[in-house]
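Below is upload39.cif, holding mmCIF, C-alpha atoms.
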```cif
data_protein
loop_
_atom_site.label_atom_id
_atom_site.label_comp_id
_atom_site.auth_asym_id
_atom_site.auth_seq_id
_atom_site.Cartn_x
_atom_site.Cartn_y
_atom_site.Cartn_z
CA MET A 1230 26.72 -138.87 3.76
CA ARG A 1231 26.62 -136.24 1.01
CA LEU A 1232 23.03 -135.60 -0.07
CA THR A 1233 21.96 -133.34 -2.95
CA LEU A 1234 18.32 -132.25 -3.24
CA VAL A 1235 16.98 -130.77 -6.49
CA LEU A 1236 13.83 -128.61 -6.69
CA PRO A 1237 12.26 -126.20 -9.18
CA SER A 1238 12.33 -123.39 -6.57
CA LEU A 1239 11.78 -122.55 -2.91
CA SER A 1240 8.50 -120.74 -3.58
CA GLY A 1241 5.64 -121.13 -1.13
CA GLY A 1242 4.10 -124.55 -1.66
CA GLY A 1243 3.58 -127.88 0.08
CA ALA A 1244 6.19 -129.79 -1.93
CA GLU A 1245 8.79 -127.10 -1.35
CA ARG A 1246 7.97 -127.03 2.35
CA ALA A 1247 8.34 -130.82 2.56
CA ALA A 1248 11.71 -130.67 0.79
CA VAL A 1249 12.99 -127.95 3.13
CA LEU A 1250 11.90 -129.94 6.19
CA LEU A 1251 13.70 -133.00 4.84
CA ALA A 1252 16.85 -131.00 4.08
CA GLU A 1253 16.88 -129.59 7.60
CA GLY A 1254 16.21 -133.04 9.09
CA PHE A 1255 19.03 -134.64 7.11
CA SER A 1256 21.40 -131.85 8.16
CA GLN A 1257 20.49 -132.30 11.83
CA ARG A 1258 21.33 -136.00 11.50
CA GLY A 1259 24.87 -135.04 10.48
CA HIS A 1260 24.57 -135.42 6.71
CA GLN A 1261 26.23 -132.93 4.36
CA VAL A 1262 23.29 -131.42 2.51
CA SER A 1263 23.21 -129.35 -0.67
CA LEU A 1264 20.00 -128.02 -2.19
CA ILE A 1265 19.83 -127.00 -5.85
CA THR A 1266 16.97 -124.98 -7.34
CA ILE A 1267 16.37 -124.50 -11.07
CA ALA A 1268 15.07 -120.98 -10.34
CA GLY A 1269 16.98 -118.14 -8.74
CA GLU A 1270 16.76 -116.95 -5.15
CA GLU A 1271 14.38 -114.13 -6.11
CA THR A 1272 11.52 -116.68 -6.06
CA ASP A 1273 12.32 -117.92 -2.53
CA PHE A 1274 9.68 -118.04 0.16
CA TYR A 1275 11.25 -120.66 2.43
CA GLN A 1276 14.64 -120.12 4.05
CA LEU A 1277 17.36 -122.67 4.81
CA SER A 1278 19.72 -122.86 7.76
CA PRO A 1279 23.36 -121.84 7.06
CA GLN A 1280 24.49 -125.48 7.40
CA ILE A 1281 22.81 -126.32 4.09
CA ASP A 1282 24.63 -125.43 0.88
CA ARG A 1283 22.09 -123.57 -1.28
CA ILE A 1284 22.77 -123.37 -5.03
CA ALA A 1285 20.38 -121.43 -7.28
CA LEU A 1286 21.02 -122.21 -10.96
CA GLN A 1287 18.84 -119.34 -12.24
CA VAL A 1288 17.92 -121.22 -15.42
CA ALA A 1289 14.12 -121.21 -15.11
CA LYS A 1290 13.49 -118.66 -17.87
CA GLN A 1291 10.45 -118.82 -20.12
CA SER A 1292 10.74 -120.10 -23.69
CA PRO A 1293 8.87 -118.09 -26.39
CA THR A 1294 9.04 -120.91 -28.99
CA PRO A 1295 9.51 -124.71 -28.96
CA ILE A 1296 13.00 -124.24 -30.41
CA HIS A 1297 13.91 -121.89 -27.58
CA GLY A 1298 12.41 -124.37 -25.13
CA LEU A 1299 14.57 -127.17 -26.45
CA ALA A 1300 17.70 -125.04 -26.27
CA ASN A 1301 16.86 -123.86 -22.76
CA ASN A 1302 16.31 -127.40 -21.53
CA PHE A 1303 19.64 -128.56 -22.97
CA TYR A 1304 21.29 -125.67 -21.15
CA ARG A 1305 19.50 -126.61 -17.91
CA LEU A 1306 20.63 -130.21 -18.28
CA ARG A 1307 24.24 -129.18 -18.75
CA LYS A 1308 24.22 -126.79 -15.80
CA LEU A 1309 22.50 -129.32 -13.56
CA ARG A 1310 24.93 -132.09 -14.49
CA GLN A 1311 27.95 -129.84 -13.93
CA THR A 1312 26.66 -128.70 -10.55
CA ILE A 1313 25.83 -132.18 -9.28
CA ASN A 1314 29.19 -133.49 -10.50
CA SER A 1315 30.93 -130.72 -8.58
CA LEU A 1316 29.19 -131.83 -5.37
CA GLN A 1317 29.94 -135.56 -5.80
CA PRO A 1318 26.88 -136.64 -3.78
CA ASP A 1319 26.30 -140.13 -2.44
CA VAL A 1320 22.57 -139.77 -3.18
CA VAL A 1321 20.58 -137.34 -5.34
CA ILE A 1322 16.95 -136.62 -4.37
CA SER A 1323 14.77 -134.81 -6.90
CA PHE A 1324 11.32 -133.32 -6.28
CA LEU A 1325 8.37 -132.73 -8.64
CA ASP A 1326 7.69 -134.28 -12.01
CA LYS A 1327 9.42 -132.01 -14.55
CA THR A 1328 12.44 -131.50 -12.30
CA ASN A 1329 12.61 -135.27 -11.83
CA VAL A 1330 12.77 -135.73 -15.60
CA LEU A 1331 15.49 -133.07 -15.96
CA THR A 1332 17.53 -134.58 -13.12
CA LEU A 1333 17.40 -138.10 -14.56
CA LEU A 1334 18.30 -136.89 -18.04
CA SER A 1335 21.14 -134.74 -16.73
CA LEU A 1336 22.68 -137.70 -14.91
CA LEU A 1337 22.59 -140.27 -17.70
CA ALA A 1338 25.64 -142.55 -17.59
CA THR A 1339 26.67 -141.40 -14.11
CA LYS A 1340 27.07 -143.46 -10.94
CA TYR A 1341 24.78 -141.48 -8.63
CA PRO A 1342 21.75 -143.16 -7.04
CA VAL A 1343 18.78 -140.94 -7.97
CA LEU A 1344 15.59 -140.91 -5.90
CA VAL A 1345 12.70 -139.10 -7.59
CA CYS A 1346 9.82 -137.80 -5.47
CA GLU A 1347 6.27 -137.44 -6.76
CA GLN A 1348 4.26 -135.00 -4.66
CA ASN A 1349 1.07 -134.49 -6.67
CA ASN A 1350 -1.57 -136.77 -8.16
CA PRO A 1351 -0.40 -137.66 -11.70
CA THR A 1352 -3.90 -138.61 -12.86
CA GLN A 1353 -5.06 -135.02 -12.30
CA ASN A 1354 -1.90 -132.99 -12.86
CA ASP A 1355 -1.52 -132.82 -16.64
CA LEU A 1356 2.12 -132.48 -17.74
CA GLY A 1357 1.41 -132.24 -21.45
CA LYS A 1358 2.27 -134.89 -24.02
CA SER A 1359 6.01 -134.20 -24.25
CA TRP A 1360 6.69 -134.25 -20.52
CA HIS A 1361 4.37 -137.22 -20.02
CA PHE A 1362 6.33 -139.15 -22.67
CA LEU A 1363 9.65 -138.19 -21.09
CA ARG A 1364 8.48 -139.29 -17.65
CA ARG A 1365 7.48 -142.71 -18.97
CA LEU A 1366 10.82 -142.91 -20.75
CA VAL A 1367 13.20 -141.93 -17.93
CA TYR A 1368 11.50 -142.91 -14.66
CA PRO A 1369 12.61 -146.54 -15.09
CA LEU A 1370 16.17 -145.17 -14.87
CA ALA A 1371 15.57 -143.89 -11.32
CA THR A 1372 17.03 -145.86 -8.45
CA LYS A 1373 13.76 -145.48 -6.58
CA LEU A 1374 10.48 -143.58 -6.97
CA VAL A 1375 9.24 -142.13 -3.67
CA SER A 1376 5.55 -141.15 -3.62
CA SER A 1377 4.01 -138.92 -0.97
CA SER A 1378 0.95 -141.17 -0.60
CA GLN A 1379 -0.40 -144.56 -1.60
CA GLY A 1380 -2.80 -142.83 -3.97
CA VAL A 1381 0.08 -141.23 -5.87
CA ASN A 1382 2.01 -144.50 -5.88
CA GLN A 1383 -0.86 -146.39 -7.53
CA TYR A 1384 -0.47 -144.39 -10.73
CA PHE A 1385 2.97 -145.86 -11.41
CA GLU A 1386 1.85 -149.44 -12.05
CA TRP A 1387 4.21 -149.44 -15.05
CA LEU A 1388 7.19 -149.48 -12.65
CA SER A 1389 8.20 -152.60 -10.77
CA PRO A 1390 7.11 -152.81 -7.11
CA GLN A 1391 10.78 -153.05 -6.10
CA GLN A 1392 11.43 -149.64 -7.67
CA LYS A 1393 8.69 -147.85 -5.71
CA THR A 1394 8.06 -146.86 -2.12
CA VAL A 1395 5.79 -144.50 -0.19
CA ILE A 1396 7.10 -142.06 2.41
CA TYR A 1397 4.71 -139.46 3.77
CA ASN A 1398 5.77 -135.84 4.01
CA PRO A 1399 7.07 -134.72 7.41
CA LEU A 1400 4.95 -132.62 9.72
CA ALA A 1401 6.23 -129.15 10.50
CA VAL A 1402 5.65 -129.35 14.24
CA PRO A 1403 4.43 -125.92 15.38
CA ALA A 1404 6.33 -124.33 18.24
CA LYS A 1405 4.30 -123.29 21.28
CA GLN A 1406 3.15 -119.72 20.85
CA THR A 1407 4.34 -117.63 23.78
CA ASP A 1408 4.39 -114.15 22.25
CA SER A 1409 1.62 -112.13 20.69
CA PHE A 1410 1.51 -111.93 16.91
CA THR A 1411 0.19 -109.33 14.49
CA LEU A 1412 -3.07 -110.23 12.81
CA PRO A 1413 -3.09 -109.80 9.03
CA ALA A 1414 -5.21 -106.94 7.72
CA GLY A 1415 -8.85 -107.87 7.47
CA VAL A 1416 -8.82 -110.64 10.06
CA ASN A 1417 -11.48 -109.99 12.69
CA PRO A 1418 -10.37 -111.11 16.19
CA GLN A 1419 -13.97 -110.89 17.42
CA GLN A 1420 -15.13 -113.71 15.15
CA LYS A 1421 -14.53 -117.45 15.04
CA TRP A 1422 -12.15 -118.43 12.24
CA LEU A 1423 -12.77 -121.04 9.61
CA VAL A 1424 -9.30 -121.47 8.06
CA ALA A 1425 -8.08 -122.80 4.70
CA MET A 1426 -4.55 -122.67 3.30
CA GLY A 1427 -2.84 -123.33 -0.04
CA ARG A 1428 -1.93 -121.89 -3.41
CA LEU A 1429 -4.71 -119.89 -5.01
CA THR A 1430 -5.06 -122.30 -7.94
CA HIS A 1431 -7.83 -124.36 -9.55
CA GLN A 1432 -6.50 -127.48 -7.83
CA LYS A 1433 -7.19 -126.15 -4.35
CA GLY A 1434 -10.89 -125.56 -5.02
CA PHE A 1435 -11.23 -122.28 -3.14
CA ASP A 1436 -14.03 -121.32 -5.53
CA LEU A 1437 -15.95 -124.32 -4.18
CA LEU A 1438 -15.16 -123.24 -0.62
CA LEU A 1439 -16.46 -119.72 -1.24
CA LYS A 1440 -19.70 -121.11 -2.70
CA ALA A 1441 -20.07 -123.49 0.25
CA PHE A 1442 -19.49 -120.73 2.78
CA ALA A 1443 -21.93 -118.43 0.96
CA THR A 1444 -24.79 -120.92 1.51
CA ILE A 1445 -24.32 -120.97 5.28
CA ALA A 1446 -22.72 -117.60 6.12
CA PRO A 1447 -26.04 -115.87 6.95
CA GLN A 1448 -26.78 -118.51 9.63
CA TYR A 1449 -23.37 -118.03 11.25
CA PRO A 1450 -22.68 -114.29 11.38
CA ASP A 1451 -20.01 -114.73 14.07
CA TRP A 1452 -17.73 -116.75 11.75
CA GLN A 1453 -15.09 -115.50 9.31
CA LEU A 1454 -13.39 -117.49 6.54
CA LEU A 1455 -9.61 -117.01 6.21
CA ILE A 1456 -7.89 -118.34 3.06
CA LEU A 1457 -4.11 -118.20 3.53
CA GLY A 1458 -2.00 -118.35 0.39
CA GLU A 1459 -1.18 -116.68 -2.89
CA GLY A 1460 -1.56 -117.61 -6.53
CA GLU A 1461 -2.72 -116.71 -10.01
CA LEU A 1462 -6.43 -117.05 -9.19
CA ARG A 1463 -6.47 -114.24 -6.62
CA PRO A 1464 -8.32 -111.82 -8.96
CA ASP A 1465 -10.92 -114.48 -9.80
CA LEU A 1466 -11.46 -115.39 -6.16
CA GLU A 1467 -11.75 -111.74 -5.13
CA LYS A 1468 -14.32 -111.22 -7.87
CA LEU A 1469 -16.28 -114.31 -6.77
CA ARG A 1470 -16.11 -113.13 -3.14
CA GLU A 1471 -17.69 -109.86 -4.23
CA GLN A 1472 -20.37 -111.56 -6.33
CA LEU A 1473 -21.32 -113.77 -3.36
CA LYS A 1474 -21.48 -110.69 -1.09
CA LEU A 1475 -18.78 -112.08 1.19
CA VAL A 1476 -16.31 -109.19 1.15
CA ASP A 1477 -16.70 -108.61 4.91
CA ARG A 1478 -16.84 -112.32 5.74
CA VAL A 1479 -13.86 -113.72 3.78
CA CYS A 1480 -10.26 -112.60 4.20
CA LEU A 1481 -7.45 -113.40 1.73
CA PRO A 1482 -4.31 -112.25 3.60
CA GLY A 1483 -1.80 -113.86 1.22
CA LEU A 1484 1.28 -115.90 2.13
CA ILE A 1485 2.15 -115.90 5.81
CA THR A 1486 5.67 -116.90 6.83
CA ASN A 1487 4.52 -118.54 10.06
CA PRO A 1488 0.84 -119.51 9.82
CA PHE A 1489 0.83 -121.64 12.97
CA PRO A 1490 -0.19 -118.94 15.50
CA LEU A 1491 -3.15 -118.09 13.28
CA LEU A 1492 -4.06 -121.75 12.85
CA SER A 1493 -3.80 -122.36 16.58
CA GLN A 1494 -6.42 -119.71 17.26
CA GLY A 1495 -8.79 -120.96 14.59
CA GLU A 1496 -11.87 -123.07 15.23
CA LEU A 1497 -12.07 -125.24 12.12
CA PHE A 1498 -9.88 -126.10 9.11
CA VAL A 1499 -11.20 -126.93 5.65
CA LEU A 1500 -9.39 -128.44 2.65
CA SER A 1501 -11.49 -127.99 -0.49
CA SER A 1502 -9.04 -129.39 -3.06
CA ARG A 1503 -10.11 -131.06 -6.28
CA TYR A 1504 -7.03 -133.28 -5.96
CA GLU A 1505 -3.93 -133.57 -3.80
CA GLY A 1506 -0.76 -135.58 -3.56
CA PHE A 1507 -0.72 -135.84 0.21
CA GLY A 1508 -2.26 -132.80 1.89
CA ASN A 1509 0.42 -131.39 4.22
CA VAL A 1510 -1.94 -128.71 5.50
CA ILE A 1511 -4.24 -131.36 6.99
CA ILE A 1512 -1.64 -132.66 9.43
CA GLU A 1513 -0.40 -129.13 10.15
CA ALA A 1514 -3.92 -128.05 11.11
CA MET A 1515 -4.37 -131.17 13.23
CA ALA A 1516 -1.10 -130.45 15.04
CA CYS A 1517 -2.42 -126.96 15.81
CA GLY A 1518 -5.49 -128.45 17.47
CA LEU A 1519 -8.04 -127.81 14.73
CA PRO A 1520 -10.75 -130.24 13.63
CA VAL A 1521 -10.45 -130.84 9.89
CA ILE A 1522 -12.95 -131.18 7.07
CA SER A 1523 -11.56 -132.30 3.72
CA THR A 1524 -12.91 -133.24 0.34
CA ASP A 1525 -12.40 -136.94 -0.32
CA CYS A 1526 -10.22 -136.08 -3.29
CA PRO A 1527 -7.53 -138.14 -4.97
CA SER A 1528 -5.23 -138.58 -3.16
CA GLY A 1529 -3.96 -138.21 0.41
CA PRO A 1530 -6.83 -137.05 2.66
CA ARG A 1531 -8.35 -140.54 2.98
CA GLU A 1532 -4.95 -141.82 4.16
CA ILE A 1533 -4.91 -139.24 6.96
CA ILE A 1534 -8.56 -138.81 7.94
CA ARG A 1535 -10.76 -141.56 9.35
CA HIS A 1536 -14.19 -140.15 8.61
CA GLY A 1537 -16.15 -139.32 11.73
CA ILE A 1538 -13.27 -140.24 14.03
CA ASN A 1539 -10.45 -137.73 13.54
CA GLY A 1540 -12.06 -135.54 10.87
CA LEU A 1541 -14.74 -135.40 8.21
CA LEU A 1542 -14.55 -136.28 4.51
CA THR A 1543 -16.98 -134.77 2.02
CA THR A 1544 -17.90 -135.59 -1.58
CA ASN A 1545 -15.23 -134.26 -3.91
CA GLN A 1546 -16.12 -131.10 -5.87
CA ASP A 1547 -19.55 -130.86 -4.22
CA HIS A 1548 -19.89 -127.50 -2.47
CA ASN A 1549 -23.23 -128.49 -0.94
CA SER A 1550 -21.66 -131.52 0.77
CA LEU A 1551 -18.85 -129.26 1.97
CA ALA A 1552 -21.31 -126.70 3.31
CA GLN A 1553 -23.28 -129.33 5.24
CA ALA A 1554 -20.14 -130.64 6.93
CA MET A 1555 -18.98 -127.12 7.78
CA ALA A 1556 -22.34 -126.21 9.29
CA SER A 1557 -22.49 -129.42 11.32
CA LEU A 1558 -19.22 -128.53 13.08
CA MET A 1559 -19.66 -124.77 13.24
CA GLU A 1560 -22.71 -125.28 15.44
CA ASP A 1561 -21.21 -128.04 17.62
CA LYS A 1562 -18.19 -126.97 19.68
CA GLN A 1563 -18.03 -130.26 21.57
CA ARG A 1564 -17.87 -132.24 18.34
CA ARG A 1565 -15.11 -129.97 17.07
CA GLN A 1566 -13.11 -130.59 20.24
CA GLN A 1567 -13.60 -134.38 20.03
CA LEU A 1568 -12.35 -134.55 16.45
CA ALA A 1569 -9.38 -132.30 17.18
CA GLN A 1570 -8.35 -134.36 20.21
CA GLU A 1571 -8.55 -137.63 18.27
CA ALA A 1572 -6.61 -136.12 15.36
CA LYS A 1573 -3.67 -135.17 17.57
CA GLN A 1574 -3.33 -138.76 18.78
CA GLY A 1575 -2.47 -140.10 15.32
CA LEU A 1576 0.24 -137.67 14.24
CA ASN A 1577 3.30 -139.61 15.46
CA LYS A 1578 3.81 -141.35 12.12
CA PHE A 1579 4.26 -137.95 10.45
CA TYR A 1580 6.78 -136.53 12.92
CA PRO A 1581 10.06 -135.47 11.28
CA GLU A 1582 12.18 -137.97 13.21
CA THR A 1583 9.97 -140.83 12.01
CA ILE A 1584 10.07 -139.68 8.39
CA ILE A 1585 13.84 -139.08 8.45
CA ASP A 1586 14.27 -142.62 9.80
CA ARG A 1587 12.35 -143.92 6.78
CA TRP A 1588 14.56 -141.97 4.40
CA GLU A 1589 17.77 -143.12 6.06
CA SER A 1590 16.59 -146.72 5.83
CA LEU A 1591 16.04 -146.12 2.12
CA PHE A 1592 19.54 -144.70 1.72
CA THR A 1593 21.02 -147.92 3.08
CA THR A 1594 19.34 -149.86 0.26
CA VAL A 1595 20.72 -147.66 -2.53
CA THR A 1596 24.29 -147.01 -1.33
CA PRO A 1597 26.89 -149.13 0.44
CA ILE A 1598 27.96 -146.24 2.69
CA ASN A 1599 27.61 -146.91 6.41
CA LEU A 1600 24.94 -144.73 7.95
CA ALA A 1601 26.05 -144.86 11.56
CA LYS A 1602 24.39 -141.97 13.37
CA PRO A 1603 26.66 -139.36 14.94
#
```

Here is a file; write its structure as structure tokens.
Amino acid sequence: MRLTLVLPSLSGGGAERAAVLLAEGFSQRGHQVSLITIAGEETDFYQLSPQIDRIALQVAKQSPTPIHGLANNFYRLRKLRQTINSLQPDVVISFLDKTNVLTLLSLLATKYPVLVCEQNNPTQNDLGKSWHFLRRLVYPLATKLVSSSQGVNQYFEWLSPQQKTVIYNPLAVPAKQTDSFTLPAGVNPQQKWLVAMGRLTHQKGFDLLLKAFATIAPQYPDWQLLILGEGELRPDLEKLREQLKLVDRVCLPGLITNPFPLLSQGELFVLSSRYEGFGNVIIEAMACGLPVISTDCPSGPREIIRHGINGLLTTNQDHNSLAQAMASLMEDKQRRQQLAQEAKQGLNKFYPETIIDRWESLFTTVTPINLAKP
């Protein structure tokens, strides 16, 4: 089967990581996979195997005025339509809201089944009036809307139940670490690591995490907080770290190509997000053997974590609640081990082979092509 995936870019983010894992999984099942990005390759963080046809349109330029924006979007639509037509896919899979809108508009009056994937929480992720209007206008044209969690799916009550489905993101199963790895600058190997990971944006709530850690850091001098990721709020977070007198206790090493060795040697993982779509990093941390604390934010974490059984959920946007949960596990190694062990038992439903099976079952409902496995 010929599959074409469309993304804004391959920059470092959870949605992009999920799309790359799916592309690789489809390719390994014998499908002919092409992946189109609106941006150029200069923005890439993730890499694809040579079996996948990578096409970078390089049409993600900024628009100084609304008129320029309109012209640029018409150009993007034309380029996207031409490229997809040249590939003649059996199914088109688009990721992320604005790209979904562009893909659907570009393929008006064509025969291709189009699956649009929503990865973030639409109630919290403001598109702006124009894009919001366009999404309401064109999403009914999609063959199927695929949401990354039930929480995301609930937003789209204006679509028929038959047009919607939920498929969780696949887990990037970490390989066993056999070789030594180089610690990022600033990471102290003599301390226990409290780890967080994600884009340095308002959504991820790392300001709340810094405030929570500041309230308990003096009681736990043998712990260090590592925040893996990059983003536009780095200067603000570095300033807050300094104001809270945490410069020696908090490390911001940036994007790490393979974070799993670092995660595997951590003691505790914390997700402090104000909102999520799914929360890929939760299952990645669990797979690395870490107990997980997460804010009970909309949406995703509650669908992964059973509070007190395989992790802890805290009040959303409440740094005091987050601090209490962190302290309760930082001082109780046995409890950390119990939660981590229980978390590993429930990861099967996120394994790539399980998720790819779900997608292939979906393909059979939108195309008559026989999907006999090679």

Selection under test: the PyMOL selection byres ((chain A and resi 1494-1507) around 7); residues as number ranges by chain:
A: 1348-1350, 1353, 1377-1378, 1381, 1421-1425, 1432-1435, 1437-1438, 1490-1493, 1508-1509, 1514, 1519-1524, 1526-1530, 1545-1546

If you take all atoms listed in the file and a cut-off of 10 Å, which residues of range 1482-1586 of chain A touch range 1248-1264 of chain A, and what are their nearest atom pairs and distances in Å to one decimal, in chain and number order, as CSV?
```
residue,atom,partner,partner_atom,distance
A:Pro1581,CA,A:Gly1254,CA,7.0
A:Glu1582,CA,A:Gly1254,CA,7.6
A:Ile1584,CA,A:Leu1251,CA,8.4
A:Ile1585,CA,A:Gly1254,CA,6.5
A:Asp1586,CA,A:Phe1255,CA,9.7
```

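With CA of Gln1392 in chain A on one side and CA of Arg1535 in chain A on the other, the separation reads 29.1 Å.
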
Which is closest to Ile1538 in chain A among A:Ala1268, A:Met1515, A:Leu1366, A:Ala1569, if we use all atoms listed in the file?
A:Ala1569

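Among the candidates A:Trp1387, A:Tyr1304, A:Phe1324, A:Tyr1397, the one nearest to Trp1588 in chain A when counting only C-alpha atoms is A:Tyr1397.
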
Mind checking which residues fall within 8 Å of Tyr1580 in chain A, counting only C-alpha atoms, ignoring those fewer than 4 positions away in the same chain, and posting them as JSON, numbers by chain?
{"A": [1399, 1400, 1401, 1402, 1576, 1584]}

Go through the shown structure with the PyMOL selection byres ((chain A and resi 1391) around 12) and write out the matching residues as JSON, numbers by chain.
{"A": [1369, 1371, 1372, 1373, 1374, 1375, 1385, 1386, 1387, 1388, 1389, 1390, 1392, 1393, 1394, 1395, 1591, 1594, 1595]}

Just the selected residues (C-alpha atoms), exported as a compact mmCIF listing (two decimals), in the coordinates of the input, please.
```
# COMPACT_ATOMS: atom_id res chain seq x y z
CA PRO A 1369 12.61 -146.54 -15.09
CA ALA A 1371 15.57 -143.89 -11.32
CA THR A 1372 17.03 -145.86 -8.45
CA LYS A 1373 13.76 -145.48 -6.58
CA LEU A 1374 10.48 -143.58 -6.97
CA VAL A 1375 9.24 -142.13 -3.67
CA PHE A 1385 2.97 -145.86 -11.41
CA GLU A 1386 1.85 -149.44 -12.05
CA TRP A 1387 4.21 -149.44 -15.05
CA LEU A 1388 7.19 -149.48 -12.65
CA SER A 1389 8.20 -152.60 -10.77
CA PRO A 1390 7.11 -152.81 -7.11
CA GLN A 1392 11.43 -149.64 -7.67
CA LYS A 1393 8.69 -147.85 -5.71
CA THR A 1394 8.06 -146.86 -2.12
CA VAL A 1395 5.79 -144.50 -0.19
CA LEU A 1591 16.04 -146.12 2.12
CA THR A 1594 19.34 -149.86 0.26
CA VAL A 1595 20.72 -147.66 -2.53
```

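When CA of Leu1344 in chain A is paired with CA of Leu1356 in chain A, their separation reads 19.8 Å.
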
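Comparing A:Gly1242, A:Pro1318, A:Gly1357, A:Pro1464 by their smallest distance to Pro1342 in chain A, the closest is A:Pro1318 (using all atoms listed in the file).
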
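Across the structure, CA of Thr1233 in chain A and CA of Glu1271 in chain A are spaced 20.9 Å apart.
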
Kindly output range 1414-1430 of chain A as a PDB file, in the frame of the given file, after building N, CA and C atoms.
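As a result, out15.pdb now contains:
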```pdb
ATOM      1  N   ALA A1414      -4.130-107.894   7.984  1.00  0.00           N
ATOM      2  CA  ALA A1414      -5.210-106.940   7.720  1.00  0.00           C
ATOM      3  C   ALA A1414      -6.465-107.681   7.280  1.00  0.00           C
ATOM      4  N   GLY A1415      -7.577-107.280   7.853  1.00  0.00           N
ATOM      5  CA  GLY A1415      -8.850-107.870   7.470  1.00  0.00           C
ATOM      6  C   GLY A1415      -9.327-108.987   8.357  1.00  0.00           C
ATOM      7  N   VAL A1416      -8.435-109.558   9.166  1.00  0.00           N
ATOM      8  CA  VAL A1416      -8.820-110.640  10.060  1.00  0.00           C
ATOM      9  C   VAL A1416      -9.498-110.051  11.294  1.00  0.00           C
ATOM     10  N   ASN A1417     -10.686-110.520  11.590  1.00  0.00           N
ATOM     11  CA  ASN A1417     -11.480-109.990  12.690  1.00  0.00           C
ATOM     12  C   ASN A1417     -11.287-110.844  13.942  1.00  0.00           C
ATOM     13  N   PRO A1418     -10.624-110.318  14.977  1.00  0.00           N
ATOM     14  CA  PRO A1418     -10.370-111.110  16.190  1.00  0.00           C
ATOM     15  C   PRO A1418     -11.633-111.378  16.997  1.00  0.00           C
ATOM     16  N   GLN A1419     -12.731-110.703  16.681  1.00  0.00           N
ATOM     17  CA  GLN A1419     -13.970-110.890  17.420  1.00  0.00           C
ATOM     18  C   GLN A1419     -14.811-112.044  16.880  1.00  0.00           C
ATOM     19  N   GLN A1420     -14.368-112.629  15.751  1.00  0.00           N
ATOM     20  CA  GLN A1420     -15.130-113.710  15.150  1.00  0.00           C
ATOM     21  C   GLN A1420     -14.402-115.038  15.258  1.00  0.00           C
ATOM     22  N   LYS A1421     -15.134-116.116  15.108  1.00  0.00           N
ATOM     23  CA  LYS A1421     -14.530-117.450  15.040  1.00  0.00           C
ATOM     24  C   LYS A1421     -13.960-117.629  13.625  1.00  0.00           C
ATOM     25  N   TRP A1422     -12.814-118.315  13.541  1.00  0.00           N
ATOM     26  CA  TRP A1422     -12.150-118.430  12.240  1.00  0.00           C
ATOM     27  C   TRP A1422     -12.277-119.826  11.654  1.00  0.00           C
ATOM     28  N   LEU A1423     -12.778-119.850  10.452  1.00  0.00           N
ATOM     29  CA  LEU A1423     -12.770-121.040   9.610  1.00  0.00           C
ATOM     30  C   LEU A1423     -11.578-120.836   8.669  1.00  0.00           C
ATOM     31  N   VAL A1424     -10.578-121.721   8.738  1.00  0.00           N
ATOM     32  CA  VAL A1424      -9.300-121.470   8.060  1.00  0.00           C
ATOM     33  C   VAL A1424      -9.084-122.467   6.923  1.00  0.00           C
ATOM     34  N   ALA A1425      -8.542-121.967   5.813  1.00  0.00           N
ATOM     35  CA  ALA A1425      -8.080-122.800   4.700  1.00  0.00           C
ATOM     36  C   ALA A1425      -6.707-122.266   4.291  1.00  0.00           C
ATOM     37  N   MET A1426      -5.916-123.095   3.625  1.00  0.00           N
ATOM     38  CA  MET A1426      -4.550-122.670   3.300  1.00  0.00           C
ATOM     39  C   MET A1426      -4.061-123.419   2.070  1.00  0.00           C
ATOM     40  N   GLY A1427      -3.396-122.710   1.159  1.00  0.00           N
ATOM     41  CA  GLY A1427      -2.840-123.330  -0.040  1.00  0.00           C
ATOM     42  C   GLY A1427      -2.672-122.313  -1.154  1.00  0.00           C
ATOM     43  N   ARG A1428      -2.075-122.755  -2.243  1.00  0.00           N
ATOM     44  CA  ARG A1428      -1.930-121.890  -3.410  1.00  0.00           C
ATOM     45  C   ARG A1428      -3.305-121.534  -3.954  1.00  0.00           C
ATOM     46  N   LEU A1429      -3.441-120.316  -4.422  1.00  0.00           N
ATOM     47  CA  LEU A1429      -4.710-119.890  -5.010  1.00  0.00           C
ATOM     48  C   LEU A1429      -4.758-120.354  -6.469  1.00  0.00           C
ATOM     49  N   THR A1430      -5.017-121.659  -6.623  1.00  0.00           N
ATOM     50  CA  THR A1430      -5.060-122.300  -7.940  1.00  0.00           C
ATOM     51  C   THR A1430      -6.344-123.109  -8.074  1.00  0.00           C
TER      52      THR A1430
END
```
